[in-house]
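Undergrad: First the structure, which I've put down as structure tokens, then a few questions once you've had a look.
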Amino acid sequence: MSQPLAYEPRPSVLAPGTVFDWLDEAAALRADAGLTRTLRSRPADDPVLDLAGNDYLGLTRHPVVTRAAADAALRWGGGATGSRLVTGTTALHTELEQELAEFCGAEAALVFSSGYTANLAALTALTDPDTLIVSDAYNHASLIDGCRLSRADVHRAPHSDPAAVAEALAARTQRRALVVTDSVFSVDGDAAPLAALSAAARAHGAALLVDDAHGLGVLGAGGTGALTAAGLAGRPDTVATVTLSKSLGSQGGAVLGPARVIRHLTETARTFIFDTGLAPAAAGAALAALRLLRAEPARAERAREVARTLARRLTAAGLHSCEPDAAVVSVRAPGPEAALAWAADCRRAGLAVGCFRPPSVPDGISRLRLTARGDLTDGQIADAVRIIADLAPAGAVSVDPSATRH
């Protein structure tokens with residue numbers, strides 16, 4: 001005779017007012033760890049010097065860009081009205097895709113409503129359960145989420161380690177493989193070894209996907225991006241994703257690569273098919289910013305120069321600032337609470353800086369994160385360094401000025 005099934009006792013039914021009590025407990029734990037996050041509205045005429053955003057080239061408020069956004073809204077309306085495959089594609093979207101692909105040396109491009117959705121699209125549409133994804137340990141959250149949604153086997157490779165990537169690819173049993181990396185990592189601003197990663201991928205028949213969010217407009221000749229700088233643009237086994245919300249001062253994202261990849265995403269990527277198209281104002285602004293960059297290529301070098309100057313002066317002041325490869329500059333803090341207080345003190349002194357704390361930083365080290373905007377004056381750079389150094393908390397890491405890499 002079969003034994004009766006043993007059931008766990010059913011939990012008591014919670015009263016409607018208590019079903020979310022666990023959220024209060026979770027919030028208390030975050031507060032104890034110094035990880036509380038809050039929204040803060042800013043006025044349009046905020047006098048604070050902004051080194052917290054990602055406006056690398058200072059184009060967000062450029063009159064040519066803002067006028068293009070306004071004109072696009074007046075002509076096309078406040079929204080795209082639907083999916084890109086239905087009514088959401090305007091002439092602006094098509095022009096932007098054509099010019100973006102040409103600028104970056106790709107066969108084709110596809111514009112999305114954000115860089116996040118572009119990464120989700122690329123990772124979910126270009127993989128399947130018979131795919132191995134080899135993903136850098138420090139990749140952005142959008143790449144991590146794309147890996148989770150992909151249904152592929154995912155291997156987390158050590159940071160910027162082409163040999164470890166090659167080893168993972170050599171041991172794979174899956175039919176296909178995709179190597180995934182940021183071009184410039186958003187925490188410390190260090191650049192990935194793209195040429196070596198591409199060589200490892202090619203040696204093992206894998207494709208390469210590069211998120212160039214922090215490279216477009218900063219790296220490469222005239223800001224054409226990290227793939228151009230590494231000599232990888234236009235390769236048949238290489239795909240890039242970019243955002244329009246950083247160097248191009250707008251909003252949205254794009255995937256760039258071989259035409260057949262773009263066609264596949266158009267027909268299969270859920271974050272493209274089922275998402276409302278990018279608003280015309282954002283498309284118009286991004287297109288105007290791209291044309292400005294093409295006309296004024298020195299903007300890219302200026303952003304890199306500002307980053308190097310900030311890092312050099314912060315290090316000379318006794319702070320631990322990593323040598324930047326692009327336009328991101330970070331400064332170590334003693335811990336999450338100290339970083340949060342340091343950033344708040346800077347804001348009160350007239351300087352907005354980013355504050356990166358766990359779990360946003362993969363190595364668990366809290367930092368201030370600065371955007372080296374290409375439109376900063378020498379006086380503004382000096383003011384920023386003075387404020388950060390003067391307000392540094394007790395225990396801020398001091399280093400030998402020659403040791404700028406952690």
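Residue numbers start at 1 in each chain; chains themselves are named A, B, ... in the order of the structure tokens; ligands are numbered from 1 in the order shown.
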Kindly provide the residues of segment 3-68 of chain A that approach segment 371-391 of chain A to within 12 Å, each paired with its closest atom pair and their distance in Å to one decimal, based on only C-alpha atoms, listed by chain and increasing number, as a tab-separated table.

TA:
residue	atom	partner	partner_atom	distance
A:Val48	CA	A:Ala384	CA	10.9
A:Leu49	CA	A:Gln380	CA	7.9
A:Asp50	CA	A:Thr371	CA	8.1
A:Leu51	CA	A:Thr371	CA	4.8
A:Ala52	CA	A:Thr371	CA	5.9
A:Gly53	CA	A:Thr371	CA	6.4
A:Asn54	CA	A:Thr371	CA	6.0
A:Asp55	CA	A:Arg373	CA	6.4
A:Tyr56	CA	A:Arg373	CA	4.4
A:Leu57	CA	A:Gly374	CA	4.7
A:Gly58	CA	A:Asp375	CA	5.3
A:Leu59	CA	A:Asp375	CA	8.5
A:Thr60	CA	A:Asp375	CA	11.0
A:Arg61	CA	A:Asp375	CA	11.1
A:His62	CA	A:Asp375	CA	10.4

Undergrad: Would you export the selected residues with N, CA, C and O atoms as a PDB file, in the first residue's frame, please?

TA:
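Wrote selection-v8.pdb, looks like this:
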ATOM      1  N   VAL A  48      24.371  73.675  -9.814  1.00  0.00           N
ATOM      2  CA  VAL A  48      25.426  72.736  -9.444  1.00  0.00           C
ATOM      3  C   VAL A  48      26.206  72.296 -10.690  1.00  0.00           C
ATOM      4  O   VAL A  48      25.625  72.031 -11.747  1.00  0.00           O
ATOM      5  N   LEU A  49      27.531  72.222 -10.578  1.00  0.00           N
ATOM      6  CA  LEU A  49      28.364  71.705 -11.661  1.00  0.00           C
ATOM      7  C   LEU A  49      28.170  70.197 -11.739  1.00  0.00           C
ATOM      8  O   LEU A  49      28.442  69.476 -10.775  1.00  0.00           O
ATOM      9  N   ASP A  50      27.689  69.706 -12.865  1.00  0.00           N
ATOM     10  CA  ASP A  50      27.290  68.299 -12.991  1.00  0.00           C
ATOM     11  C   ASP A  50      28.416  67.441 -13.536  1.00  0.00           C
ATOM     12  O   ASP A  50      28.744  67.502 -14.717  1.00  0.00           O
ATOM     13  N   LEU A  51      28.999  66.641 -12.648  1.00  0.00           N
ATOM     14  CA  LEU A  51      29.948  65.603 -13.057  1.00  0.00           C
ATOM     15  C   LEU A  51      29.394  64.221 -12.698  1.00  0.00           C
ATOM     16  O   LEU A  51      30.135  63.261 -12.578  1.00  0.00           O
ATOM     17  N   ALA A  52      28.077  64.144 -12.531  1.00  0.00           N
ATOM     18  CA  ALA A  52      27.436  62.889 -12.153  1.00  0.00           C
ATOM     19  C   ALA A  52      26.748  62.218 -13.332  1.00  0.00           C
ATOM     20  O   ALA A  52      26.626  60.991 -13.371  1.00  0.00           O
ATOM     21  N   GLY A  53      26.268  62.980 -14.293  1.00  0.00           N
ATOM     22  CA  GLY A  53      25.585  62.407 -15.444  1.00  0.00           C
ATOM     23  C   GLY A  53      26.577  61.833 -16.446  1.00  0.00           C
ATOM     24  O   GLY A  53      27.778  61.751 -16.191  1.00  0.00           O
ATOM     25  N   ASN A  54      26.078  61.465 -17.608  1.00  0.00           N
ATOM     26  CA  ASN A  54      26.927  60.846 -18.638  1.00  0.00           C
ATOM     27  C   ASN A  54      26.978  61.678 -19.912  1.00  0.00           C
ATOM     28  O   ASN A  54      27.144  61.147 -21.007  1.00  0.00           O
ATOM     29  N   ASP A  55      26.862  62.986 -19.759  1.00  0.00           N
ATOM     30  CA  ASP A  55      26.874  63.894 -20.910  1.00  0.00           C
ATOM     31  C   ASP A  55      28.325  64.166 -21.309  1.00  0.00           C
ATOM     32  O   ASP A  55      28.839  65.272 -21.169  1.00  0.00           O
ATOM     33  N   TYR A  56      29.002  63.133 -21.844  1.00  0.00           N
ATOM     34  CA  TYR A  56      30.445  63.192 -22.048  1.00  0.00           C
ATOM     35  C   TYR A  56      30.908  64.358 -22.916  1.00  0.00           C
ATOM     36  O   TYR A  56      31.989  64.898 -22.711  1.00  0.00           O
ATOM     37  N   LEU A  57      30.133  64.734 -23.899  1.00  0.00           N
ATOM     38  CA  LEU A  57      30.551  65.780 -24.830  1.00  0.00           C
ATOM     39  C   LEU A  57      29.862  67.108 -24.564  1.00  0.00           C
ATOM     40  O   LEU A  57      30.078  68.076 -25.292  1.00  0.00           O
ATOM     41  N   GLY A  58      29.030  67.159 -23.542  1.00  0.00           N
ATOM     42  CA  GLY A  58      28.333  68.391 -23.211  1.00  0.00           C
ATOM     43  C   GLY A  58      27.307  68.795 -24.250  1.00  0.00           C
ATOM     44  O   GLY A  58      27.070  69.988 -24.465  1.00  0.00           O
ATOM     45  N   LEU A  59      26.652  67.815 -24.876  1.00  0.00           N
ATOM     46  CA  LEU A  59      25.717  68.115 -25.965  1.00  0.00           C
ATOM     47  C   LEU A  59      24.247  68.127 -25.543  1.00  0.00           C
ATOM     48  O   LEU A  59      23.390  68.526 -26.334  1.00  0.00           O
ATOM     49  N   THR A  60      23.951  67.698 -24.308  1.00  0.00           N
ATOM     50  CA  THR A  60      22.552  67.611 -23.908  1.00  0.00           C
ATOM     51  C   THR A  60      21.824  68.947 -24.024  1.00  0.00           C
ATOM     52  O   THR A  60      20.665  69.005 -24.436  1.00  0.00           O
ATOM     53  N   ARG A  61      22.517  70.026 -23.684  1.00  0.00           N
ATOM     54  CA  ARG A  61      21.908  71.356 -23.741  1.00  0.00           C
ATOM     55  C   ARG A  61      22.420  72.188 -24.919  1.00  0.00           C
ATOM     56  O   ARG A  61      22.164  73.394 -24.968  1.00  0.00           O
ATOM     57  N   HIS A  62      23.122  71.575 -25.821  1.00  0.00           N
ATOM     58  CA  HIS A  62      23.604  72.324 -26.988  1.00  0.00           C
ATOM     59  C   HIS A  62      22.401  72.833 -27.778  1.00  0.00           C
ATOM     60  O   HIS A  62      21.451  72.078 -28.034  1.00  0.00           O
TER      61      HIS A  62
END

Undergrad: Pick out the residues sitting within 10 Å of Ser245 of chain A, and hand them over as a JSON list (two decimals) with N, CA, C and O atoms, in the first residue's frame; count only C-alpha atoms, and ignore anything fewer than 2 positions along from it in its own chain.

TA:
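Result file result15.json:
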[["chain", "number", "residue", "atom", "x", "y", "z"],
["A", 53, "GLY", "N", 26.27, 62.98, -14.29],
["A", 53, "GLY", "CA", 25.59, 62.41, -15.44],
["A", 53, "GLY", "C", 26.58, 61.83, -16.45],
["A", 53, "GLY", "O", 27.78, 61.75, -16.19],
["A", 54, "ASN", "N", 26.08, 61.46, -17.61],
["A", 54, "ASN", "CA", 26.93, 60.85, -18.64],
["A", 54, "ASN", "C", 26.98, 61.68, -19.91],
["A", 54, "ASN", "O", 27.14, 61.15, -21.01],
["A", 55, "ASP", "N", 26.86, 62.99, -19.76],
["A", 55, "ASP", "CA", 26.87, 63.89, -20.91],
["A", 55, "ASP", "C", 28.32, 64.17, -21.31],
["A", 55, "ASP", "O", 28.84, 65.27, -21.17],
["A", 56, "TYR", "N", 29.00, 63.13, -21.84],
["A", 56, "TYR", "CA", 30.45, 63.19, -22.05],
["A", 56, "TYR", "C", 30.91, 64.36, -22.92],
["A", 56, "TYR", "O", 31.99, 64.90, -22.71],
["A", 60, "THR", "N", 23.95, 67.70, -24.31],
["A", 60, "THR", "CA", 22.55, 67.61, -23.91],
["A", 60, "THR", "C", 21.82, 68.95, -24.02],
["A", 60, "THR", "O", 20.67, 69.01, -24.44],
["A", 114, "SER", "N", 16.01, 52.31, -25.56],
["A", 114, "SER", "CA", 17.08, 52.54, -24.59],
["A", 114, "SER", "C", 18.24, 51.61, -24.89],
["A", 114, "SER", "O", 18.09, 50.61, -25.60],
["A", 115, "GLY", "N", 19.40, 51.94, -24.33],
["A", 115, "GLY", "CA", 20.53, 51.03, -24.44],
["A", 115, "GLY", "C", 20.27, 49.73, -23.71],
["A", 115, "GLY", "O", 20.77, 48.67, -24.12],
["A", 213, "ALA", "N", 28.66, 51.60, -24.90],
["A", 213, "ALA", "CA", 27.95, 52.74, -24.34],
["A", 213, "ALA", "C", 28.89, 53.87, -23.94],
["A", 213, "ALA", "O", 28.60, 55.05, -24.16],
["A", 242, "VAL", "N", 25.09, 50.38, -28.48],
["A", 242, "VAL", "CA", 25.44, 51.72, -28.01],
["A", 242, "VAL", "C", 24.22, 52.35, -27.36],
["A", 242, "VAL", "O", 23.10, 51.87, -27.53],
["A", 243, "THR", "N", 24.47, 53.40, -26.62],
["A", 243, "THR", "CA", 23.38, 54.20, -26.09],
["A", 243, "THR", "C", 23.44, 55.59, -26.71],
["A", 243, "THR", "O", 24.52, 56.08, -27.05],
["A", 247, "SER", "N", 27.20, 60.22, -24.89],
["A", 247, "SER", "CA", 27.88, 61.20, -25.74],
["A", 247, "SER", "C", 26.93, 61.95, -26.66],
["A", 247, "SER", "O", 27.19, 63.11, -27.00],
["A", 248, "LEU", "N", 25.85, 61.32, -27.08],
["A", 248, "LEU", "CA", 24.93, 61.98, -27.99],
["A", 248, "LEU", "C", 23.85, 62.78, -27.28],
["A", 248, "LEU", "O", 22.97, 63.35, -27.92],
["A", 249, "GLY", "N", 23.88, 62.82, -25.97],
["A", 249, "GLY", "CA", 23.07, 63.74, -25.20],
["A", 249, "GLY", "C", 21.57, 63.58, -25.33],
["A", 249, "GLY", "O", 20.82, 64.51, -25.04],
["A", 250, "SER", "N", 21.09, 62.42, -25.74],
["A", 250, "SER", "CA", 19.66, 62.23, -25.97],
["A", 250, "SER", "C", 19.17, 61.06, -25.14],
["A", 250, "SER", "O", 19.46, 60.97, -23.95],
["A", 251, "GLN", "N", 18.44, 60.16, -25.77],
["A", 251, "GLN", "CA", 17.92, 58.97, -25.11],
["A", 251, "GLN", "C", 17.74, 57.90, -26.16],
["A", 251, "GLN", "O", 17.50, 58.20, -27.34],
["A", 252, "GLY", "N", 17.85, 56.64, -25.74],
["A", 252, "GLY", "CA", 17.67, 55.54, -26.69],
["A", 252, "GLY", "C", 18.93, 54.70, -26.79],
["A", 252, "GLY", "O", 19.93, 54.95, -26.13],
["A", 253, "GLY", "N", 18.87, 53.68, -27.63],
["A", 253, "GLY", "CA", 20.01, 52.80, -27.85],
["A", 253, "GLY", "C", 19.97, 52.24, -29.24],
["A", 253, "GLY", "O", 19.03, 52.48, -30.01],
["A", 282, "ALA", "N", 13.66, 62.41, -29.22],
["A", 282, "ALA", "CA", 14.93, 61.79, -28.86],
["A", 282, "ALA", "C", 15.71, 61.39, -30.10],
["A", 282, "ALA", "O", 16.94, 61.57, -30.16],
["A", 286, "ALA", "N", 19.38, 62.98, -31.04],
["A", 286, "ALA", "CA", 20.54, 62.11, -31.24],
["A", 286, "ALA", "C", 21.15, 62.31, -32.63],
["A", 286, "ALA", "O", 22.37, 62.33, -32.79]]

Undergrad: Tell me which of A:Glu296, A:Asp188, A:Glu337, A:Asp145 sits closest to Thr117 of chain A, counting only C-alpha atoms.

TA: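 Nearest candidate to Thr117 of chain A out of A:Glu296, A:Asp188, A:Glu337, A:Asp145: A:Asp145.
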
Undergrad: Residues near segment 77-85 of chain A, anyone? I mean within 12 Å using only C-alpha atoms, not counting same-chain ones fewer than 5 positions away, as a short mmCIF file (atom, residue, chain, number, x, y, z; two decimals) with N, CA, C and O atoms, in the first residue's frame.

TA:
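result-v9.cif was written with the following content:
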data_model
loop_
_atom_site.label_atom_id
_atom_site.label_comp_id
_atom_site.auth_asym_id
_atom_site.auth_seq_id
_atom_site.Cartn_x
_atom_site.Cartn_y
_atom_site.Cartn_z
N ALA A 69 15.41 68.50 -31.18
CA ALA A 69 14.41 67.76 -30.40
C ALA A 69 13.06 68.45 -30.47
O ALA A 69 12.02 67.80 -30.68
N ALA A 70 13.06 69.77 -30.31
CA ALA A 70 11.80 70.51 -30.35
C ALA A 70 11.16 70.44 -31.73
O ALA A 70 9.94 70.23 -31.86
N ASP A 71 11.96 70.59 -32.77
CA ASP A 71 11.42 70.53 -34.13
C ASP A 71 10.83 69.16 -34.43
O ASP A 71 9.77 69.05 -35.07
N ALA A 72 11.51 68.10 -33.95
CA ALA A 72 11.00 66.75 -34.19
C ALA A 72 9.67 66.53 -33.48
O ALA A 72 8.75 65.92 -34.03
N THR A 90 9.81 56.52 -37.87
CA THR A 90 9.70 57.74 -38.66
C THR A 90 10.91 57.87 -39.57
O THR A 90 11.88 57.10 -39.46
N ALA A 91 10.88 58.87 -40.42
CA ALA A 91 12.04 59.14 -41.27
C ALA A 91 13.27 59.46 -40.42
O ALA A 91 14.41 59.15 -40.81
N LEU A 92 13.06 60.04 -39.24
CA LEU A 92 14.17 60.34 -38.35
C LEU A 92 14.86 59.07 -37.86
O LEU A 92 16.09 59.01 -37.78
N HIS A 93 14.08 58.05 -37.52
CA HIS A 93 14.67 56.79 -37.08
C HIS A 93 15.54 56.19 -38.19
O HIS A 93 16.65 55.72 -37.94
N THR A 94 15.04 56.22 -39.41
CA THR A 94 15.77 55.65 -40.53
C THR A 94 17.06 56.43 -40.80
O THR A 94 18.13 55.84 -41.01
N LEU A 110 20.09 49.33 -35.74
CA LEU A 110 18.69 49.26 -35.36
C LEU A 110 18.53 50.03 -34.04
O LEU A 110 19.20 49.72 -33.06
N VAL A 111 17.65 51.02 -34.04
CA VAL A 111 17.46 51.89 -32.89
C VAL A 111 16.38 51.35 -31.96
O VAL A 111 15.32 50.91 -32.42
N PHE A 112 16.66 51.40 -30.67
CA PHE A 112 15.74 50.94 -29.61
C PHE A 112 15.39 52.10 -28.69
O PHE A 112 15.97 53.18 -28.78
N SER A 113 14.46 51.86 -27.79
CA SER A 113 14.03 52.91 -26.87
C SER A 113 15.04 53.19 -25.78
O SER A 113 14.97 54.21 -25.10
N LEU A 265 17.27 40.66 -35.65
CA LEU A 265 16.74 41.35 -34.50
C LEU A 265 15.41 42.02 -34.81
O LEU A 265 14.48 42.00 -33.99
N THR A 266 15.29 42.59 -36.00
CA THR A 266 14.04 43.24 -36.40
C THR A 266 12.88 42.25 -36.37
O THR A 266 11.75 42.60 -36.00
N GLU A 267 13.16 41.01 -36.73
CA GLU A 267 12.10 40.00 -36.85
C GLU A 267 11.89 39.17 -35.60
O GLU A 267 10.86 38.50 -35.48
N THR A 268 12.85 39.21 -34.64
CA THR A 268 12.74 38.28 -33.51
C THR A 268 12.92 38.91 -32.13
O THR A 268 12.48 38.32 -31.14
N ALA A 269 13.55 40.06 -32.03
CA ALA A 269 13.88 40.62 -30.71
C ALA A 269 12.63 41.17 -30.04
O ALA A 269 12.00 42.11 -30.53
N ARG A 270 12.28 40.62 -28.90
CA ARG A 270 11.03 40.99 -28.22
C ARG A 270 11.06 42.44 -27.75
O ARG A 270 10.03 43.12 -27.76
N THR A 271 12.22 42.94 -27.32
CA THR A 271 12.26 44.33 -26.85
C THR A 271 12.23 45.32 -28.01
O THR A 271 12.14 46.53 -27.77
N PHE A 272 12.26 44.82 -29.22
CA PHE A 272 12.04 45.67 -30.40
C PHE A 272 10.60 45.53 -30.89
O PHE A 272 9.89 46.51 -31.11
N ILE A 273 10.14 44.30 -31.01
CA ILE A 273 8.82 44.03 -31.58
C ILE A 273 7.70 44.57 -30.70
O ILE A 273 6.72 45.14 -31.19
N PHE A 274 7.83 44.42 -29.39
CA PHE A 274 6.72 44.72 -28.49
C PHE A 274 6.91 46.03 -27.70
O PHE A 274 6.14 46.30 -26.79
N ASP A 275 7.88 46.81 -28.07
CA ASP A 275 8.13 48.07 -27.37
C ASP A 275 7.77 49.24 -28.28
O ASP A 275 7.98 49.19 -29.49
N THR A 276 7.22 50.29 -27.69
CA THR A 276 6.95 51.50 -28.46
C THR A 276 8.26 52.11 -28.93
O THR A 276 9.25 52.13 -28.19
N GLY A 277 8.27 52.61 -30.14
CA GLY A 277 9.48 53.16 -30.71
C GLY A 277 10.00 54.36 -29.94
O GLY A 277 9.26 55.04 -29.21
N LEU A 278 11.27 54.65 -30.12
CA LEU A 278 11.89 55.81 -29.51
C LEU A 278 11.15 57.08 -29.92
O LEU A 278 10.80 57.26 -31.08
N ALA A 279 10.90 57.97 -28.96
CA ALA A 279 10.18 59.20 -29.25
C ALA A 279 10.90 60.02 -30.32
O ALA A 279 12.12 60.11 -30.31
N PRO A 280 10.17 60.62 -31.25
CA PRO A 280 10.80 61.39 -32.32
C PRO A 280 11.74 62.48 -31.81
O PRO A 280 12.78 62.74 -32.41
N ALA A 281 11.38 63.13 -30.70
CA ALA A 281 12.25 64.17 -30.15
C ALA A 281 13.62 63.61 -29.80
O ALA A 281 14.65 64.25 -30.06
N ALA A 282 13.66 62.41 -29.22
CA ALA A 282 14.93 61.79 -28.86
C ALA A 282 15.71 61.39 -30.10
O ALA A 282 16.94 61.57 -30.16
N ALA A 283 15.03 60.85 -31.10
CA ALA A 283 15.71 60.49 -32.35
C ALA A 283 16.28 61.73 -33.02
O ALA A 283 17.42 61.72 -33.52
N GLY A 284 15.50 62.82 -33.06
CA GLY A 284 15.97 64.05 -33.68
C GLY A 284 17.17 64.63 -32.95
O GLY A 284 18.12 65.11 -33.57
#

Undergrad: Quick one: residues within 12 Å of Arg37 of chain A, only C-alpha atoms, excluding same-chain residues fewer than 3 positions away - as a CSV table (one decimal) with N, CA and C atoms, in the first residue's frame?

TA:
chain,number,residue,atom,x,y,z
A,27,ALA,N,14.1,46.9,3.6
A,27,ALA,CA,14.5,48.3,3.6
A,27,ALA,C,15.4,48.6,4.8
A,30,ARG,N,18.9,47.2,4.1
A,30,ARG,CA,19.6,48.1,3.2
A,30,ARG,C,20.1,49.3,3.9
A,31,ALA,N,19.3,49.9,4.8
A,31,ALA,CA,19.7,51.1,5.6
A,31,ALA,C,20.9,50.8,6.5
A,33,ALA,N,23.1,48.6,6.0
A,33,ALA,CA,24.3,48.5,5.1
A,33,ALA,C,24.7,49.7,4.4
A,34,GLY,N,24.0,50.8,4.6
A,34,GLY,CA,24.3,52.1,3.9
A,34,GLY,C,24.0,52.1,2.5
A,40,ARG,N,15.9,62.2,-6.3
A,40,ARG,CA,16.0,63.7,-6.0
A,40,ARG,C,15.7,64.4,-7.3
A,336,PRO,N,30.6,52.4,1.9
A,336,PRO,CA,29.3,52.9,1.3
A,336,PRO,C,28.8,54.2,2.0
A,337,GLU,N,28.8,54.2,3.3
A,337,GLU,CA,28.2,55.3,4.0
A,337,GLU,C,29.1,56.6,3.8
A,340,LEU,N,28.5,57.9,0.3
A,340,LEU,CA,27.3,58.6,0.2
A,340,LEU,C,27.4,60.0,0.9
A,355,CYS,N,27.9,58.4,-7.1
A,355,CYS,CA,28.2,57.6,-5.9
A,355,CYS,C,27.9,56.1,-6.2
A,356,PHE,N,28.9,55.3,-6.4
A,356,PHE,CA,28.8,53.9,-6.7
A,356,PHE,C,29.1,53.1,-5.4
A,357,ARG,N,28.1,52.2,-5.0
A,357,ARG,CA,28.2,51.4,-3.8
A,357,ARG,C,27.8,50.0,-4.2
A,358,PRO,N,28.1,49.0,-3.4
A,358,PRO,CA,27.6,47.7,-3.6
A,358,PRO,C,26.1,47.7,-3.5
A,359,PRO,N,25.3,47.0,-4.3
A,359,PRO,CA,25.8,45.9,-5.2
A,359,PRO,C,26.2,46.4,-6.6
A,360,SER,N,26.2,47.8,-6.8
A,360,SER,CA,26.4,48.3,-8.2
A,360,SER,C,27.9,48.1,-8.6

Undergrad: Taking the chain letters and numbering used in this document, name the residues of segment 219-286 of chain A that DSSP puts in alpha helix (DSSP H), as a VMD selection string.

TA: chain A and resid 226 to 229 259 to 268 270 to 273 280 to 286

Undergrad: Please identify all polymer residues within 10 Å of Pro47 of chain A, counting only C-alpha atoms, omitting same-chain residues fewer than 4 positions from it, and present them as a PyMOL selection string.

TA: chain A and resi 42-43+350-351

Undergrad: Quick one: write out the picked residues with all heavy atoms as a short mmCIF file (atom, residue, chain, number, x, y, z; two decimals), in the first residue's frame?

TA:
data_model
loop_
_atom_site.label_atom_id
_atom_site.label_comp_id
_atom_site.auth_asym_id
_atom_site.auth_seq_id
_atom_site.Cartn_x
_atom_site.Cartn_y
_atom_site.Cartn_z
N ARG A 42 15.72 67.54 -9.82
CA ARG A 42 16.60 68.69 -10.02
C ARG A 42 15.86 69.73 -10.85
O ARG A 42 15.12 69.39 -11.77
CB ARG A 42 17.90 68.29 -10.70
CG ARG A 42 17.74 67.65 -12.08
CD ARG A 42 19.10 67.30 -12.66
NE ARG A 42 19.00 66.56 -13.91
CZ ARG A 42 18.90 67.12 -15.11
NH1 ARG A 42 18.88 68.44 -15.23
NH2 ARG A 42 18.83 66.37 -16.20
N PRO A 43 16.06 71.00 -10.55
CA PRO A 43 15.42 72.05 -11.35
C PRO A 43 16.13 72.21 -12.69
O PRO A 43 17.29 71.81 -12.85
CB PRO A 43 15.60 73.29 -10.48
CG PRO A 43 16.84 73.02 -9.68
CD PRO A 43 16.84 71.54 -9.43
N GLY A 350 28.33 72.58 -4.29
CA GLY A 350 28.11 73.01 -5.67
C GLY A 350 28.61 72.07 -6.74
O GLY A 350 28.70 72.46 -7.90
N LEU A 351 28.91 70.82 -6.36
CA LEU A 351 29.42 69.84 -7.33
C LEU A 351 28.63 68.55 -7.22
O LEU A 351 28.56 67.94 -6.15
CB LEU A 351 30.90 69.56 -7.05
CG LEU A 351 31.56 68.48 -7.90
CD1 LEU A 351 31.68 68.93 -9.35
CD2 LEU A 351 32.94 68.11 -7.33
#

Undergrad: Between A:Ala396, A:Val179, A:Leu219, A:Ala163, single out the one closest to His320 of chain A, counting only C-alpha atoms.

TA: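 Ranking A:Ala396, A:Val179, A:Leu219, A:Ala163 by distance to His320 of chain A, first place goes to A:Ala396.
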
Undergrad: Do you know which residues are at most 8 Å from Leu368 of chain A counting only C-alpha atoms, after dropping those on the same chain fewer than 6 positions away, and could you put them as a ChimeraX atom specification?

TA: /A:330-333,339,343,353-356

Undergrad: Using only C-alpha atoms, which of A:Val187, A:Ala288, A:Ala226, A:Leu232 sits nearest Leu370 of chain A?

TA: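 Once distances to Leu370 of chain A are computed over only C-alpha atoms, the minimum belongs to A:Val187.
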
Undergrad: When DSSP is applied to the backbone of this structure, which of segment 28-112 of chain A are assigned strand (DSSP E)? Write them out as an MDAnalysis selection string.

TA: chainID A and resid 49:51 108:112

Undergrad: Please produce a file of the residues just selected, as a PDB file, in the first residue's frame, where the atoms kept are N, CA, C and O atoms.

TA:
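Output contents, as saved in result30.pdb:
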ATOM      1  N   LEU A  49      27.531  72.222 -10.578  1.00  0.00           N
ATOM      2  CA  LEU A  49      28.364  71.705 -11.661  1.00  0.00           C
ATOM      3  C   LEU A  49      28.170  70.197 -11.739  1.00  0.00           C
ATOM      4  O   LEU A  49      28.442  69.476 -10.775  1.00  0.00           O
ATOM      5  N   ASP A  50      27.689  69.706 -12.865  1.00  0.00           N
ATOM      6  CA  ASP A  50      27.290  68.299 -12.991  1.00  0.00           C
ATOM      7  C   ASP A  50      28.416  67.441 -13.536  1.00  0.00           C
ATOM      8  O   ASP A  50      28.744  67.502 -14.717  1.00  0.00           O
ATOM      9  N   LEU A  51      28.999  66.641 -12.648  1.00  0.00           N
ATOM     10  CA  LEU A  51      29.948  65.603 -13.057  1.00  0.00           C
ATOM     11  C   LEU A  51      29.394  64.221 -12.698  1.00  0.00           C
ATOM     12  O   LEU A  51      30.135  63.261 -12.578  1.00  0.00           O
ATOM     13  N   ALA A 108      24.884  47.954 -40.717  1.00  0.00           N
ATOM     14  CA  ALA A 108      23.516  48.392 -40.437  1.00  0.00           C
ATOM     15  C   ALA A 108      23.362  48.660 -38.955  1.00  0.00           C
ATOM     16  O   ALA A 108      24.202  48.277 -38.134  1.00  0.00           O
ATOM     17  N   ALA A 109      22.269  49.344 -38.614  1.00  0.00           N
ATOM     18  CA  ALA A 109      21.971  49.659 -37.214  1.00  0.00           C
ATOM     19  C   ALA A 109      20.476  49.562 -36.989  1.00  0.00           C
ATOM     20  O   ALA A 109      19.674  49.704 -37.919  1.00  0.00           O
ATOM     21  N   LEU A 110      20.094  49.327 -35.738  1.00  0.00           N
ATOM     22  CA  LEU A 110      18.687  49.262 -35.360  1.00  0.00           C
ATOM     23  C   LEU A 110      18.529  50.026 -34.045  1.00  0.00           C
ATOM     24  O   LEU A 110      19.201  49.718 -33.059  1.00  0.00           O
ATOM     25  N   VAL A 111      17.647  51.023 -34.043  1.00  0.00           N
ATOM     26  CA  VAL A 111      17.464  51.894 -32.885  1.00  0.00           C
ATOM     27  C   VAL A 111      16.384  51.347 -31.961  1.00  0.00           C
ATOM     28  O   VAL A 111      15.322  50.911 -32.416  1.00  0.00           O
ATOM     29  N   PHE A 112      16.656  51.402 -30.666  1.00  0.00           N
ATOM     30  CA  PHE A 112      15.743  50.936 -29.614  1.00  0.00           C
ATOM     31  C   PHE A 112      15.393  52.099 -28.694  1.00  0.00           C
ATOM     32  O   PHE A 112      15.974  53.176 -28.778  1.00  0.00           O
TER      33      PHE A 112
END

Undergrad: Take atom CA of Ala327 of chain A and atom CA of Glu107 of chain A and report the distance between them in Å, one decimal.

TA: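 Between atom CA of Ala327 of chain A and atom CA of Glu107 of chain A the gap is 26.9 Å.
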